[in-house]
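Below: one structure, written as structure tokens.
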Amino acid sequence: GWGDPAQAQCEAGAGAGAGSLVAADMSGERARARSSALGLALYALLSALAATATEQESVTCGSVVKLLNNRHNVRLHSHDVKYGSGSGQQSVTGVSVSDDSNSYWTVRGKPGLVCQRGIPIKCGQPIRLTHVNTGRNLHSHHFVSPLSGNQEVSAFGENGEGDDLDVWTVQCGGVSWERDEDVRLKHVGTQAFLTITGEQYGHPIRGQLEVHGTFSPNANNYWTVMEGVFIKPSAEPLKHDEL
């Protein structure tokens with residue numbers, strides 16, 4: 001009436017084995033779920049980091065930068081020294097030293113157009129570059145430059161306000177102006193490129209190079225951002241070098 005003990009033992013063993021398999025399956029499912037959740041979390045973290053890195057590598061509105069002319073290894077510079085010819089406005093030059101505070105420029109929007117602090121500057125966007133120490137804007141017009149006879153580039157305006165000839169577009173290759181990217185600055189009013197071709201001043205700014213406008217894109221009008229303070233949307237600096 002009790003049946004075969006061996007068969008009962010076998011069935012019990014089979015039952016236990018089936019239970020173990022079910023437990024193993026459930027354990028595997030939990031492990032896979034945990035792995036999937038971790039994978040998703042890691043992906044989200046990496047995506048956020050990539051987005052932050054991309055944001056931090058862009059030149060943003062409100063940033064204060066130095067711009068290096070790659071061909072001649074000088075930084076865009078100005079000072080309270082007027083041209084003795086042409087417009088008689090404040091001169092703009094290129095200097096070889098890296099730690100001169102007169103080489104800082106603030107990136108701003110064109111007049112009448114909101115440029116929100118910390119937002120990346122788009123390729124093709126019209127901007128102004130305002131000289132930090134004098135409050136005058138990078139400017140060009142149909143005056144002749146003193147050394148090369150090209151188009152004069154000056155610094156113009158008061159307290160950051162000048163006119164429509166202070167506007168330049170950033171010519172770059174992607175979506176936004178990247179900090180390590182070679183770009184051209186094209187003057188909106190005259191279509192000239194911000195250029196250095198190597199002409200050197202004497203007294204009172206001996207050794208500094210003439211900055212002017214030319215009309216052909218070439219190696220003399222590539223510029224790269226160097227030192228600066230780069231603004232995030234929260235208005236906190238991202239990078240602070242040599243201030």
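Numbering starts fresh at 1 for the residues of each chain in the structure tokens, the chains themselves are lettered A, B, ... in the order given, and ligands are numbered from 1 as they appear.
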- Task: Please identify which residues in region 51-238 of chain A DSSP calls helix (DSSP H, G or I) from the backbone, and express them as a PyMOL selection string.
- Result: chain A and resi 51-57+101-103+164-166+219-221
Could you list, with a cut-off of 9 Å and counting only C-alpha atoms, the residues of region 152-184 of chain A near region 115-120 of chain A, each shown with its nearest atom pair and the distance in Å rounded to one decimal, rows sorted by chain and ascending number, as CSV?
```
residue,atom,partner,partner_atom,distance
A:Ser176,CA,A:Pro120,CA,6.2
A:Trp177,CA,A:Pro120,CA,7.1
A:Glu178,CA,A:Pro120,CA,8.6
```
- Nearest to Gly135 (chain A): which of A:Asn221, A:Thr169, A:Asn159, A:Ser58 is it, counting only C-alpha atoms?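 Ranked by minimum distance to Gly135 (chain A), first place goes to A:Asn159.
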Sorted by chain and rising residue number, which residues of region 129-157 of chain A lie within 10 Å of region 72-84 of chain A, and what are their closest atom pairs and distances in Å to one decimal, counting only C-alpha atoms, as a tab-separated table?
```
residue	atom	partner	partner_atom	distance
A:His131	CA	A:Ser78	CA	7.1
A:Val132	CA	A:Ser78	CA	9.4
A:Asn133	CA	A:His79	CA	7.7
A:Thr134	CA	A:His79	CA	7.1
A:Arg136	CA	A:Ser78	CA	9.1
A:Asn137	CA	A:Ser78	CA	10.0
A:Leu138	CA	A:Ser78	CA	9.1
A:Ser145	CA	A:Tyr83	CA	9.1
A:Pro146	CA	A:Tyr83	CA	7.9
A:Glu152	CA	A:Tyr83	CA	9.7
A:Ser154	CA	A:Ser78	CA	8.4
A:Ala155	CA	A:Ser78	CA	7.3
```
- Message: I'd like to know which of A:Ser148, A:Gln191, A:Ser96, A:Asn220 is closest to Gly207 (chain A), using only C-alpha atoms.
- Response: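 Of all the options, A:Ser96 lies closest to Gly207 (chain A).
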- For the atom pair CA of Gly202 (chain A) and CA of Gln89 (chain A), what is the interatomic distance in Å to one decimal place?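 The value is 17.9 Å.
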- Query: What's the 7 Å shell around Val225 (chain A), counting only C-alpha atoms, without same-chain residues fewer than 6 positions away, as a PyMOL selection string?
  - Reply: chain A and resi 65-68+179-180
- Message: Using only C-alpha atoms, can you tell me which of A:Asn150, A:Ser87, A:Ser101, A:Thr93 comes closest to Gly228 (chain A)?
- Response: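 Among the listed residues, A:Ser101 lies closest to Gly228 (chain A).
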